[in-house]
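Undergrad: Dropping in upload-v1.txt, with compact mmCIF, C-alpha atoms and all ligand atoms.
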# COMPACT_ATOMS: atom_id res chain seq x y z
CA MET G 875 11.78 -35.82 -18.23
CA THR G 876 8.79 -37.50 -16.72
CA SER G 877 7.49 -35.00 -14.20
CA LYS G 878 3.74 -35.19 -13.73
CA ASN G 879 3.42 -31.53 -14.74
CA GLU G 880 4.95 -32.34 -18.12
CA THR G 881 2.82 -35.43 -18.64
CA LEU G 882 -0.31 -33.47 -17.76
CA PHE G 883 0.68 -30.59 -20.02
CA GLU G 884 1.17 -32.98 -22.96
CA ARG G 885 -2.23 -34.54 -22.32
CA ALA G 886 -3.87 -31.15 -21.84
CA GLN G 887 -2.61 -29.87 -25.17
CA ARG G 888 -4.33 -32.72 -26.96
CA SER G 889 -7.81 -31.91 -25.59
CA THR G 890 -7.57 -28.12 -24.99
CA PRO G 891 -6.00 -25.38 -27.17
CA GLY G 892 -2.56 -24.72 -25.68
CA GLY G 893 -3.42 -26.99 -22.76
CA VAL G 894 -5.01 -24.24 -20.66
CA ASN G 895 -8.35 -22.55 -20.08
CA SER G 896 -6.92 -19.03 -19.84
CA PRO G 897 -3.85 -18.05 -21.92
CA VAL G 898 -1.48 -16.63 -19.25
CA ARG G 899 -1.48 -19.99 -17.45
CA ALA G 900 0.40 -21.59 -20.35
CA PHE G 901 3.80 -20.00 -19.46
CA ARG G 902 4.12 -18.79 -23.07
CA SER G 903 5.67 -15.54 -21.90
CA VAL G 904 8.25 -17.10 -19.55
CA GLY G 905 8.71 -20.44 -21.33
CA GLY G 906 8.78 -23.87 -19.70
CA THR G 907 6.08 -26.16 -18.37
CA PRO G 908 3.10 -24.80 -16.45
CA ARG G 909 2.60 -26.30 -13.02
CA PHE G 910 -0.62 -28.25 -12.52
CA ILE G 911 -1.93 -27.45 -9.06
CA THR G 912 -3.39 -30.12 -6.84
CA ARG G 913 -4.19 -28.25 -3.64
CA ALA G 914 -3.62 -25.01 -1.75
CA GLU G 915 -3.53 -23.83 1.84
CA GLY G 916 -2.87 -20.37 3.31
CA PRO G 917 0.02 -18.81 1.34
CA TYR G 918 0.99 -22.06 -0.41
CA PHE G 919 0.00 -24.34 -3.22
CA TRP G 920 1.35 -27.69 -4.38
CA ASP G 921 1.88 -28.95 -7.92
CA ALA G 922 1.31 -32.40 -9.42
CA ASP G 923 4.84 -33.49 -8.43
CA GLY G 924 4.12 -32.58 -4.81
CA LYS G 925 6.38 -29.50 -4.87
CA ARG G 926 5.23 -26.67 -2.61
CA TYR G 927 5.28 -23.02 -3.68
CA ILE G 928 4.69 -19.76 -1.89
CA ASP G 929 1.91 -18.40 -4.09
CA TYR G 930 2.02 -14.77 -5.22
CA ILE G 931 -0.81 -14.88 -7.74
CA GLY G 932 -3.58 -15.87 -5.32
CA SER G 933 -5.80 -16.91 -8.23
CA TRP G 934 -4.97 -13.46 -9.73
CA GLY G 935 -6.32 -11.63 -6.72
CA PRO G 936 -9.23 -13.45 -5.07
CA ALA G 937 -7.21 -15.38 -2.45
CA ILE G 938 -6.77 -12.31 -0.22
CA VAL G 939 -7.49 -14.19 3.04
CA GLY G 940 -5.21 -17.06 1.98
CA HIS G 941 -6.24 -20.32 0.34
CA THR G 942 -8.83 -22.65 1.90
CA HIS G 943 -9.59 -20.32 4.79
CA PRO G 944 -11.70 -22.44 7.18
CA GLU G 945 -14.49 -19.84 7.40
CA VAL G 946 -14.79 -19.58 3.63
CA ILE G 947 -14.74 -23.34 3.14
CA HIS G 948 -17.34 -23.78 5.88
CA ALA G 949 -19.64 -21.19 4.28
CA VAL G 950 -19.31 -22.91 0.90
CA GLN G 951 -20.04 -26.35 2.37
CA GLN G 952 -23.10 -25.07 4.19
CA ALA G 953 -24.47 -23.31 1.11
CA ALA G 954 -23.75 -26.30 -1.14
CA ALA G 955 -25.71 -28.61 1.14
CA LEU G 956 -28.78 -26.38 0.69
CA GLY G 957 -28.69 -26.50 -3.11
CA LEU G 958 -26.27 -25.50 -5.83
CA SER G 959 -28.44 -23.18 -7.92
CA PHE G 960 -32.11 -22.23 -8.05
CA GLY G 961 -32.69 -19.82 -10.92
CA ALA G 962 -34.74 -17.78 -8.43
CA PRO G 963 -33.62 -15.05 -6.02
CA THR G 964 -32.10 -15.70 -2.56
CA GLU G 965 -31.58 -13.62 0.59
CA ALA G 966 -27.80 -14.08 0.27
CA GLU G 967 -27.87 -12.05 -2.98
CA VAL G 968 -29.67 -9.23 -1.19
CA ILE G 969 -27.05 -9.24 1.58
CA MET G 970 -24.25 -9.29 -1.00
CA ALA G 971 -25.74 -6.32 -2.87
CA GLU G 972 -26.22 -4.40 0.41
CA GLU G 973 -22.60 -5.12 1.40
CA LEU G 974 -21.21 -3.90 -1.92
CA CYS G 975 -23.35 -0.74 -1.79
CA ARG G 976 -22.16 -0.08 1.77
CA LEU G 977 -18.47 -0.68 1.02
CA VAL G 978 -17.96 0.88 -2.41
CA PRO G 979 -18.30 4.68 -2.56
CA GLY G 980 -21.09 6.00 -4.79
CA VAL G 981 -22.53 2.56 -5.48
CA GLU G 982 -26.26 2.77 -4.84
CA GLN G 983 -27.28 -0.37 -6.75
CA VAL G 984 -25.43 -3.39 -8.10
CA ARG G 985 -26.12 -6.28 -10.42
CA LEU G 986 -24.28 -9.56 -9.73
CA VAL G 987 -22.69 -11.48 -12.60
CA SER G 988 -20.26 -14.40 -12.79
CA SER G 989 -17.08 -12.90 -14.27
CA GLY G 990 -15.23 -9.62 -14.58
CA THR G 991 -15.70 -9.80 -18.33
CA GLU G 992 -19.46 -9.86 -17.88
CA ALA G 993 -19.25 -6.94 -15.47
CA THR G 994 -17.30 -4.67 -17.84
CA MET G 995 -19.24 -5.78 -20.93
CA SER G 996 -22.54 -5.06 -19.19
CA ALA G 997 -21.33 -1.74 -17.75
CA LEU G 998 -20.35 -0.70 -21.26
CA ARG G 999 -23.75 -1.59 -22.67
CA LEU G 1000 -25.38 0.25 -19.79
CA ALA G 1001 -23.27 3.37 -20.41
CA ARG G 1002 -24.14 3.27 -24.10
CA GLY G 1003 -27.81 2.67 -23.38
CA ALA G 1004 -28.01 5.43 -20.78
CA THR G 1005 -26.19 8.06 -22.86
CA LYS G 1006 -27.48 6.93 -26.30
CA ARG G 1007 -23.89 7.27 -27.55
CA ASP G 1008 -21.65 4.59 -29.06
CA LYS G 1009 -18.04 5.68 -28.60
CA ILE G 1010 -15.92 4.66 -25.64
CA ILE G 1011 -12.45 5.54 -24.40
CA LYS G 1012 -10.05 3.02 -22.91
CA PHE G 1013 -6.32 3.13 -22.19
CA GLU G 1014 -3.44 1.12 -23.61
CA GLY G 1015 -2.32 -1.58 -21.18
CA CYS G 1016 -5.55 -1.70 -19.18
CA TYR G 1017 -7.32 -5.04 -19.40
CA HIS G 1018 -11.08 -5.16 -19.00
CA GLY G 1019 -11.88 -8.76 -19.88
CA HIS G 1020 -12.42 -10.16 -23.35
CA ALA G 1021 -15.55 -8.40 -24.70
CA ASP G 1022 -15.28 -7.35 -28.37
CA SER G 1023 -15.26 -3.58 -27.77
CA LEU G 1024 -12.46 -3.90 -25.22
CA LEU G 1025 -9.96 -6.07 -27.11
CA VAL G 1026 -8.76 -3.03 -28.97
CA LYS G 1027 -5.43 -1.23 -29.23
CA ALA G 1028 -4.58 2.27 -30.40
CA GLY G 1029 -4.98 3.18 -34.06
CA SER G 1030 -2.39 5.17 -36.00
CA GLY G 1031 -3.53 8.61 -34.81
CA LEU G 1032 -5.16 10.08 -31.76
CA LEU G 1033 -8.61 10.28 -33.32
CA THR G 1034 -8.36 7.24 -35.54
CA PHE G 1035 -10.28 4.52 -33.86
CA GLY G 1036 -8.66 1.40 -32.49
CA ASN G 1037 -7.57 -1.86 -34.07
CA PRO G 1038 -8.69 -5.25 -32.72
CA THR G 1039 -6.09 -7.11 -30.59
CA SER G 1040 -7.84 -10.40 -31.27
CA ALA G 1041 -8.86 -12.14 -34.45
CA GLY G 1042 -12.63 -12.37 -34.63
CA VAL G 1043 -13.33 -8.83 -33.46
CA PRO G 1044 -15.03 -6.97 -36.35
CA GLU G 1045 -13.63 -3.55 -37.16
CA ASP G 1046 -17.22 -2.37 -37.01
CA PHE G 1047 -16.92 -2.88 -33.24
CA SER G 1048 -13.39 -1.65 -32.68
CA LYS G 1049 -14.07 1.58 -34.57
CA HIS G 1050 -16.18 2.75 -31.63
CA THR G 1051 -13.27 2.37 -29.20
CA VAL G 1052 -10.71 5.16 -28.80
CA VAL G 1053 -7.51 3.93 -27.14
CA LEU G 1054 -5.33 6.51 -25.38
CA ASP G 1055 -2.14 6.51 -23.29
CA TYR G 1056 -2.48 5.80 -19.58
CA ASN G 1057 -1.57 8.78 -17.38
CA ASN G 1058 -1.73 11.20 -20.33
CA SER G 1059 -4.23 13.93 -19.40
CA ALA G 1060 -3.42 16.13 -22.38
CA GLN G 1061 -4.48 13.44 -24.86
CA LEU G 1062 -7.72 12.92 -23.01
CA GLU G 1063 -8.47 16.64 -23.11
CA GLU G 1064 -7.71 16.79 -26.82
CA VAL G 1065 -10.08 13.92 -27.65
CA PHE G 1066 -12.91 15.29 -25.50
CA ALA G 1067 -12.46 18.72 -27.08
CA SER G 1068 -13.14 17.27 -30.51
CA ILE G 1069 -15.64 14.42 -29.95
CA GLY G 1070 -16.74 14.80 -26.31
CA ASP G 1071 -20.43 14.80 -27.23
CA GLN G 1072 -20.07 11.31 -28.78
CA ILE G 1073 -18.33 9.62 -25.84
CA ALA G 1074 -20.60 7.24 -23.90
CA CYS G 1075 -17.98 6.40 -21.30
CA VAL G 1076 -14.37 6.27 -20.22
CA ILE G 1077 -13.30 2.94 -18.70
CA VAL G 1078 -10.10 2.74 -16.68
CA GLU G 1079 -8.24 0.58 -14.18
CA PRO G 1080 -7.60 3.34 -11.59
CA VAL G 1081 -4.70 1.26 -10.26
CA ALA G 1082 -3.62 -0.77 -13.27
CA GLY G 1083 -2.75 -4.39 -12.54
CA ASN G 1084 -2.67 -5.85 -16.03
CA MET G 1085 0.48 -4.14 -17.31
CA ASN G 1086 2.29 -5.11 -14.15
CA LEU G 1087 1.33 -2.60 -11.43
CA ILE G 1088 1.02 1.02 -12.54
CA ARG G 1089 -0.65 3.69 -10.45
CA ALA G 1090 -2.74 6.34 -12.12
CA THR G 1091 -1.69 9.84 -11.18
CA GLN G 1092 -4.18 11.94 -9.21
CA GLY G 1093 -4.24 14.51 -12.02
CA PHE G 1094 -5.04 11.92 -14.68
CA LEU G 1095 -8.07 10.55 -12.81
CA GLN G 1096 -9.24 14.05 -11.83
CA THR G 1097 -9.04 15.23 -15.45
CA MET G 1098 -11.04 12.16 -16.50
CA ARG G 1099 -13.67 12.87 -13.83
CA ASP G 1100 -14.00 16.52 -14.81
CA LEU G 1101 -14.20 15.81 -18.55
CA CYS G 1102 -16.85 13.11 -18.09
CA THR G 1103 -18.95 15.42 -15.94
CA ARG G 1104 -18.62 18.31 -18.38
CA HIS G 1105 -19.50 16.22 -21.45
CA GLY G 1106 -22.20 14.00 -19.97
CA SER G 1107 -20.06 10.85 -20.35
CA ILE G 1108 -20.08 8.06 -17.80
CA LEU G 1109 -16.89 7.33 -15.85
CA ILE G 1110 -16.40 3.61 -15.26
CA PHE G 1111 -13.76 2.47 -12.78
CA ASP G 1112 -12.86 -1.12 -13.55
CA GLU G 1113 -11.97 -2.28 -10.05
CA VAL G 1114 -12.28 -5.98 -10.83
CA MET G 1115 -8.65 -6.35 -9.79
CA CYS G 1116 -7.84 -3.36 -7.60
CA GLY G 1117 -11.16 -3.18 -5.71
CA PHE G 1118 -10.85 -4.72 -2.23
CA ARG G 1119 -7.11 -5.05 -2.98
CA VAL G 1120 -5.80 -1.50 -2.66
CA GLY G 1121 -8.06 -0.96 0.34
CA LEU G 1122 -11.49 -1.85 1.72
CA HIS G 1123 -13.17 0.93 -0.25
CA GLY G 1124 -11.12 0.54 -3.41
CA ALA G 1125 -9.39 3.07 -5.61
CA GLN G 1126 -12.19 5.63 -5.31
CA ALA G 1127 -11.34 6.08 -1.63
CA LEU G 1128 -7.60 6.03 -2.34
CA TYR G 1129 -7.90 8.96 -4.79
CA ASN G 1130 -11.03 10.54 -3.35
CA ILE G 1131 -12.61 10.51 -6.81
CA GLN G 1132 -16.04 9.08 -7.45
CA ALA G 1133 -16.85 7.10 -10.58
CA ASP G 1134 -20.37 6.79 -12.01
CA LEU G 1135 -20.13 3.02 -12.40
CA VAL G 1136 -17.76 0.54 -10.77
CA CYS G 1137 -16.93 -3.01 -11.94
CA MET G 1138 -16.01 -5.53 -9.28
CA GLY G 1139 -14.86 -9.15 -9.29
CA LYS G 1140 -12.01 -11.35 -8.10
CA VAL G 1141 -11.95 -10.73 -4.28
CA ILE G 1142 -15.76 -10.45 -4.03
CA GLY G 1143 -16.10 -14.12 -5.02
CA GLY G 1144 -13.36 -15.32 -2.67
CA GLY G 1145 -12.26 -17.83 -5.35
CA LEU G 1146 -15.67 -18.68 -6.81
CA PRO G 1147 -17.28 -16.93 -9.80
CA VAL G 1148 -18.84 -13.70 -8.51
CA ALA G 1149 -18.46 -10.29 -10.12
CA ALA G 1150 -20.66 -7.20 -10.17
CA PHE G 1151 -21.20 -3.80 -11.67
CA GLY G 1152 -22.97 -0.97 -9.95
CA GLY G 1153 -23.16 2.73 -9.36
CA ARG G 1154 -25.55 5.65 -9.46
CA ALA G 1155 -29.17 4.54 -9.08
CA ASP G 1156 -30.34 6.78 -11.93
CA ILE G 1157 -27.94 5.00 -14.29
CA MET G 1158 -28.68 1.52 -12.93
CA ALA G 1159 -32.40 2.21 -13.52
CA HIS G 1160 -31.69 1.65 -17.22
CA MET G 1161 -31.10 -2.06 -16.52
CA ALA G 1162 -33.75 -4.66 -17.38
CA PRO G 1163 -36.26 -5.53 -16.01
CA VAL G 1164 -36.76 -1.87 -15.00
CA GLY G 1165 -35.16 -0.24 -18.04
CA GLY G 1166 -34.28 -1.11 -21.59
CA VAL G 1167 -30.67 -2.36 -21.28
CA TYR G 1168 -30.75 -6.15 -21.36
CA GLN G 1169 -28.43 -8.35 -19.32
CA ALA G 1170 -28.97 -11.73 -17.63
CA GLY G 1171 -27.24 -14.84 -16.28
CA THR G 1172 -28.31 -18.40 -15.42
CA LEU G 1173 -25.74 -18.60 -12.61
CA SER G 1174 -25.67 -14.89 -11.64
CA GLY G 1175 -25.75 -14.58 -7.85
CA ASN G 1176 -25.13 -18.32 -7.50
CA PRO G 1177 -25.74 -19.26 -3.84
CA VAL G 1178 -22.50 -21.21 -3.31
CA ALA G 1179 -20.36 -18.54 -4.99
CA VAL G 1180 -22.10 -15.75 -3.05
CA ALA G 1181 -21.49 -17.64 0.21
CA ALA G 1182 -17.74 -17.71 -0.52
CA GLY G 1183 -17.85 -14.02 -1.38
CA LEU G 1184 -19.75 -13.00 1.75
CA ALA G 1185 -17.42 -15.00 4.00
CA THR G 1186 -14.43 -13.30 2.34
CA LEU G 1187 -16.00 -9.84 2.68
CA ARG G 1188 -16.56 -10.53 6.40
CA LEU G 1189 -12.92 -11.50 6.92
CA ILE G 1190 -11.47 -8.46 5.17
CA GLN G 1191 -13.53 -6.16 7.39
CA GLN G 1192 -11.79 -7.36 10.53
CA PRO G 1193 -10.06 -4.41 12.21
CA GLY G 1194 -6.56 -3.78 10.91
CA PHE G 1195 -6.82 -6.24 8.01
CA TYR G 1196 -5.64 -3.78 5.34
CA ASP G 1197 -2.97 -2.26 7.61
CA VAL G 1198 -1.35 -5.67 7.98
CA LEU G 1199 -1.83 -6.60 4.31
CA THR G 1200 -0.37 -3.28 3.13
CA LYS G 1201 2.60 -3.52 5.50
CA GLN G 1202 3.44 -7.08 4.48
CA THR G 1203 3.11 -6.32 0.77
CA SER G 1204 5.27 -3.23 0.97
CA ARG G 1205 7.87 -5.17 3.00
CA LEU G 1206 7.94 -7.78 0.24
CA ALA G 1207 8.18 -5.21 -2.57
CA SER G 1208 10.95 -3.15 -1.01
CA GLY G 1209 12.79 -6.32 0.02
CA LEU G 1210 12.70 -7.66 -3.55
CA ALA G 1211 14.01 -4.38 -4.97
CA GLU G 1212 16.78 -4.23 -2.35
CA ALA G 1213 17.81 -7.83 -2.96
CA GLY G 1214 17.98 -7.15 -6.71
CA ARG G 1215 20.01 -3.98 -6.36
CA ALA G 1216 22.34 -5.61 -3.81
CA ALA G 1217 23.18 -8.16 -6.50
CA GLY G 1218 23.80 -5.37 -9.02
CA HIS G 1219 20.61 -5.55 -11.06
CA ALA G 1220 18.40 -2.66 -12.20
CA VAL G 1221 15.31 -3.69 -10.26
CA CYS G 1222 12.62 -1.65 -8.56
CA ALA G 1223 9.25 -2.39 -7.04
CA ASP G 1224 6.02 -0.77 -5.94
CA SER G 1225 2.95 -1.85 -4.01
CA VAL G 1226 -0.53 -0.57 -3.25
CA GLY G 1227 -2.44 -2.41 -0.53
CA GLY G 1228 -2.13 -6.11 -1.30
CA MET G 1229 -0.90 -5.71 -4.92
CA PHE G 1230 2.73 -5.37 -5.94
CA GLY G 1231 4.90 -4.96 -9.00
CA ILE G 1232 8.53 -5.87 -9.56
CA TYR G 1233 10.15 -4.17 -12.56
CA PHE G 1234 13.42 -4.92 -14.28
CA SER G 1235 14.02 -1.25 -15.01
CA GLU G 1236 15.73 1.78 -13.42
CA GLU G 1237 12.50 3.46 -12.38
CA VAL G 1238 8.95 2.44 -11.51
CA PRO G 1239 7.12 2.80 -14.84
CA ALA G 1240 4.21 5.25 -15.14
CA SER G 1241 3.05 4.30 -18.63
CA TYR G 1242 2.49 1.28 -20.82
CA ALA G 1243 5.44 2.24 -23.04
CA ALA G 1244 7.76 2.54 -20.01
CA MET G 1245 6.56 -0.82 -18.72
CA MET G 1246 7.11 -2.49 -22.09
CA SER G 1247 10.69 -1.28 -22.22
CA SER G 1248 11.65 -3.13 -19.03
CA ASP G 1249 13.98 -6.15 -19.31
CA LYS G 1250 11.56 -8.98 -20.01
CA ASP G 1251 14.24 -11.62 -20.65
CA LYS G 1252 15.81 -10.95 -17.28
CA PHE G 1253 12.44 -11.22 -15.59
CA ASN G 1254 11.83 -14.54 -17.31
CA ARG G 1255 15.11 -15.97 -15.99
CA PHE G 1256 14.33 -14.59 -12.53
CA PHE G 1257 10.86 -16.15 -12.67
CA HIS G 1258 12.29 -19.64 -13.28
CA LEU G 1259 15.00 -19.24 -10.62
CA MET G 1260 12.28 -18.27 -8.13
CA LEU G 1261 10.11 -21.17 -9.23
CA ASN G 1262 13.02 -23.53 -8.49
CA GLU G 1263 13.29 -21.92 -5.06
CA GLY G 1264 9.60 -22.67 -4.45
CA VAL G 1265 8.22 -19.16 -5.06
CA TYR G 1266 5.47 -18.80 -7.66
CA LEU G 1267 5.34 -15.30 -9.19
CA ALA G 1268 2.99 -14.29 -12.01
CA PRO G 1269 4.33 -16.03 -15.15
CA SER G 1270 4.78 -12.77 -17.10
CA ALA G 1271 6.81 -9.60 -16.67
CA PHE G 1272 3.62 -7.66 -17.35
CA GLU G 1273 1.38 -8.92 -14.57
CA ALA G 1274 1.04 -7.70 -10.98
CA GLY G 1275 1.57 -9.89 -7.91
CA PHE G 1276 -0.76 -10.53 -4.99
CA VAL G 1277 -0.15 -11.05 -1.30
CA SER G 1278 -2.61 -12.61 1.15
CA ILE G 1279 -3.07 -11.90 4.84
CA GLN G 1280 -1.41 -15.28 5.46
CA HIS G 1281 1.87 -14.16 3.89
CA THR G 1282 3.35 -13.53 7.32
CA ASP G 1283 6.77 -12.06 8.18
CA GLN G 1284 8.24 -15.53 8.11
CA ILE G 1285 6.82 -16.31 4.64
CA ILE G 1286 8.13 -13.01 3.34
CA ASP G 1287 11.57 -13.62 4.88
CA THR G 1288 11.70 -17.01 3.15
CA THR G 1289 10.70 -15.32 -0.13
CA LEU G 1290 13.39 -12.66 0.23
CA GLU G 1291 16.06 -15.30 0.94
CA ALA G 1292 14.95 -17.13 -2.20
CA ALA G 1293 15.13 -13.84 -4.12
CA SER G 1294 18.67 -13.11 -2.91
CA SER G 1295 19.81 -16.50 -4.08
CA ALA G 1296 17.95 -16.10 -7.41
CA PHE G 1297 19.40 -12.62 -8.03
CA ALA G 1298 22.90 -13.94 -7.26
CA LYS G 1299 22.52 -16.55 -10.03
CA LEU G 1300 20.91 -14.14 -12.50
C1 LIG M 1 -9.51 -9.97 -14.33
C2 LIG M 1 -10.01 -8.68 -14.84
C3 LIG M 1 -11.15 -8.60 -15.65
C4 LIG M 1 -11.84 -9.81 -16.20
O1 LIG M 1 -12.35 -10.62 -15.21
P1 LIG M 1 -12.67 -12.17 -15.54
O2 LIG M 1 -13.34 -12.64 -14.31
O3 LIG M 1 -11.35 -12.81 -15.81
O4 LIG M 1 -13.55 -12.18 -16.74
C5 LIG M 1 -11.62 -7.34 -15.97
N1 LIG M 1 -11.00 -6.23 -15.54
C6 LIG M 1 -9.90 -6.27 -14.78
C7 LIG M 1 -9.28 -5.00 -14.31
C8 LIG M 1 -9.34 -7.50 -14.43
O5 LIG M 1 -8.22 -7.53 -13.71
Once you've parsed the file, please lay out its structure as structure tokens.

TA:
Amino acid sequence: MTSKNETLFERAQRSTPGGVNSPVRAFRSVGGTPRFITRAEGPYFWDADGKRYIDYIGSWGPAIVGHTHPEVIHAVQQAAALGLSFGAPTEAEVIMAEELCRLVPGVEQVRLVSSGTEATMSALRLARGATKRDKIIKFEGCYHGHADSLLVKAGSGLLTFGNPTSAGVPEDFSKHTVVLDYNNSAQLEEVFASIGDQIACVIVEPVAGNMNLIRATQGFLQTMRDLCTRHGSILIFDEVMCGFRVGLHGAQALYNIQADLVCMGKVIGGGLPVAAFGGRADIMAHMAPVGGVYQAGTLSGNPVAVAAGLATLRLIQQPGFYDVLTKQTSRLASGLAEAGRAAGHAVCADSVGGMFGIYFSEEVPASYAAMMSSDKDKFNRFFHLMLNEGVYLAPSAFEAGFVSIQHTDQIIDTTLEAASSAFAKL
């Protein structure tokens, strides 16, 4: 075959490991040739062969107002014309910080960075610096970027510390990370009862979007909040994915639970590299240059990236934005599940705000183990059938999907027709 995607993929693999700059893009999980994207508009993008897809990854979350929104593009063009980077502060960064403090509950101060990984890595260092403790708790299936302490999976026992999930992570790092089951409050209580005074922080995706979509239970997050308060540990909500996705005020508002620190990213850059971490002012006061926790970035608060972020934040605050987004996403999710079941498959779906999950299982999973036992092979075949129909889902059974405000009724109808035809062939 001589499709341009295949030619590009062959070339890419010669100059880049696996041909991609982020592993999930390589289609390893679903098989086949990744599509090389040439342009995007609204709910669509086009590949190197000129084929159009309805896009349900939205750059893994950022494209919430649809691709190439004229107001975002205009803001970027205007900022770019004034200079790409200064290495000195700008007013736009002040406005961005004020916006994030206003929109995210409990966030009194923020620091801007360029990726979600930097946000979580820095929040972790801050929590350790502020508490003078080393140990952290994370949960199996939650992804928090690729910092050493966070690429860790559960050890053999509850209190045995974790094992690295990546080569190159020293056990000296992973031994400070305790990995527990998501939505398991009893485990959390047990660990705090024995080593609570050593725990610097608990980091969690309050709506998990990196093991497909899994909601935390209210009780799980409340237990976490109470234990952190009681033991002087810092609660970090990693809202890099779910923040500004599940609602304008993120998961904290959804559950009415306040974290001590919040990590943000994806949507707040509108497609350019902006992320942030922030929270209680007394904790943030440990950050350099005021306090002793060091963190920096040549391109942090980059003026062009911040312009894209601010334009996006303006658009999502238009009245009714999240009502429409939530309605469309839930229509898509329930439609996909119905189409699957109508064709006799064990399929279900869930959605929160503008995120959705489709699961090849009898029930919506509530844990990593339940998610992992879904029918991955069936998903992979479904993925390729949908791709043929011109619908681009996340290329893995274990990733969430994303809807933009430009996925209108008509786009969703077209998607559901494609799904019916895909399920019939499955
Ligand atoms: C994407 C993501 C990250 C990492 O962000 P990058 O910008 O890819 O470094 C961290 N946490 C969560 C919850 C994410 O979804």

Undergrad: To one decimal in Å, tell me the separation between CA of Ala1090 (chain G) and CA of Tyr1056 (chain G).

TA: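 Those two atoms sit 7.5 Å apart.
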
Undergrad: For Phe1111 (chain G), find every residue with an atom within 8 Å (counting all atoms listed in the file), except residues of its own chain fewer than 5 positions away, and show them as a list in words.

TA: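 Final neighbour list, sorted by chain and number: Ile1077, Val1078, Glu1079, Pro1080, Ala1133, Asp1134, Leu1135, Val1136 and Cys1137 of chain G.
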
Undergrad: Check every protein, DNA and RNA residue against ligand LIG 1 (chain M), keep those with an atom at most 8 Å away (counting all atoms listed in the file), and present them as a list in words.

TA: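 Protein and nucleic-acid residues within 8 Å of ligand LIG 1 (chain M): Trp934, Ser988, Ser989, Gly990, Thr991, Glu992, Ala993, Thr994, Cys1016, Tyr1017, His1018, Gly1019, His1020, Glu1079, Ala1082, Gly1083, Asn1084, Asp1112, Glu1113, Val1114, Met1115, Cys1116, Cys1137, Gly1139, Lys1140, Pro1147 and Ala1149 of chain G.
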
Undergrad: For Leu1206 (chain G), find every residue with an atom within 9 Å (counting all atoms listed in the file), except residues of its own chain fewer than 2 positions away, and show them as a list in words.

TA: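 So the residues in contact are Lys1201, Gln1202, Thr1203, Ser1204, Ser1208, Gly1209, Leu1210, Ala1211, Ser1225, Phe1230, Val1277, Ile1286, Asp1287, Thr1289 and Leu1290 of chain G.
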
Undergrad: In terms of the shortest atom-to-atom distance over only C-alpha atoms, which of G:Pro1239, G:Pro979, G:Gly1093, G:Gly1036 is closest to Gln1126 (chain G)?

TA: G:Pro979

Undergrad: Can you pull out the residues contacting region 944-950 of chain G? Cut-off 7 Å, using only C-alpha atoms, and skip same-chain residues under 2 positions away; I want them as number ranges by chain.

TA: G: 942, 952-954, 1178, 1181-1182, 1185-1186

Undergrad: Let me make sure I understand: among G:Thr1282, G:Thr1051, G:Ser1270, G:Ser1030, which one has the smallest atom-to-atom distance to Asn1254 (chain G) if we use only C-alpha atoms?

TA: G:Ser1270

Undergrad: Counting all atoms listed in the file, select every polymer residue within 6 Å of (-18.2, 8.9, -17.1) as defined in the file's coordinates, and provide the selection as a list in words.

TA: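 Nearby residues: Cys1075, Val1076, Cys1102, Ser1107, Ile1108, Leu1109, Ile1110 and Asp1134 of chain G.
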
Undergrad: Please list as a PyMOL selection string every residue within 10 Å of Phe1118 (chain G), counting all atoms listed in the file and excluding residues in the same chain fewer than 2 positions away.

TA: chain G and resi 935-936+938+977-978+1113-1116+1120-1125+1138-1142+1187+1190+1196+1227-1228

Undergrad: Residues of the last selection are to be written out with C-alpha atoms, as a compact mmCIF listing (two decimals), in the frame of the given file.

TA:
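In the end it all went to again-v3.txt:
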# COMPACT_ATOMS: atom_id res chain seq x y z
CA GLY G 935 -6.32 -11.63 -6.72
CA PRO G 936 -9.23 -13.45 -5.07
CA ILE G 938 -6.77 -12.31 -0.22
CA LEU G 977 -18.47 -0.68 1.02
CA VAL G 978 -17.96 0.88 -2.41
CA GLU G 1113 -11.97 -2.28 -10.05
CA VAL G 1114 -12.28 -5.98 -10.83
CA MET G 1115 -8.65 -6.35 -9.79
CA CYS G 1116 -7.84 -3.36 -7.60
CA VAL G 1120 -5.80 -1.50 -2.66
CA GLY G 1121 -8.06 -0.96 0.34
CA LEU G 1122 -11.49 -1.85 1.72
CA HIS G 1123 -13.17 0.93 -0.25
CA GLY G 1124 -11.12 0.54 -3.41
CA ALA G 1125 -9.39 3.07 -5.61
CA MET G 1138 -16.01 -5.53 -9.28
CA GLY G 1139 -14.86 -9.15 -9.29
CA LYS G 1140 -12.01 -11.35 -8.10
CA VAL G 1141 -11.95 -10.73 -4.28
CA ILE G 1142 -15.76 -10.45 -4.03
CA LEU G 1187 -16.00 -9.84 2.68
CA ILE G 1190 -11.47 -8.46 5.17
CA TYR G 1196 -5.64 -3.78 5.34
CA GLY G 1227 -2.44 -2.41 -0.53
CA GLY G 1228 -2.13 -6.11 -1.30

Undergrad: In terms of the shortest atom-to-atom distance over all atoms listed in the file, which of G:Tyr1266, G:Gln1284, G:Tyr1129, G:Thr1200 is closest to Asp921 (chain G)?

TA: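 Once distances to Asp921 (chain G) are computed over all atoms listed in the file, the minimum belongs to G:Tyr1266.
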
Undergrad: Counting all atoms listed in the file, which residue out of G:Ala1041, G:Glu1291, G:Gly1218, G:Pro1177 sits closest to Val1148 (chain G)?

TA: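 Comparing G:Ala1041, G:Glu1291, G:Gly1218, G:Pro1177 against Val1148 (chain G), the winner is G:Pro1177.
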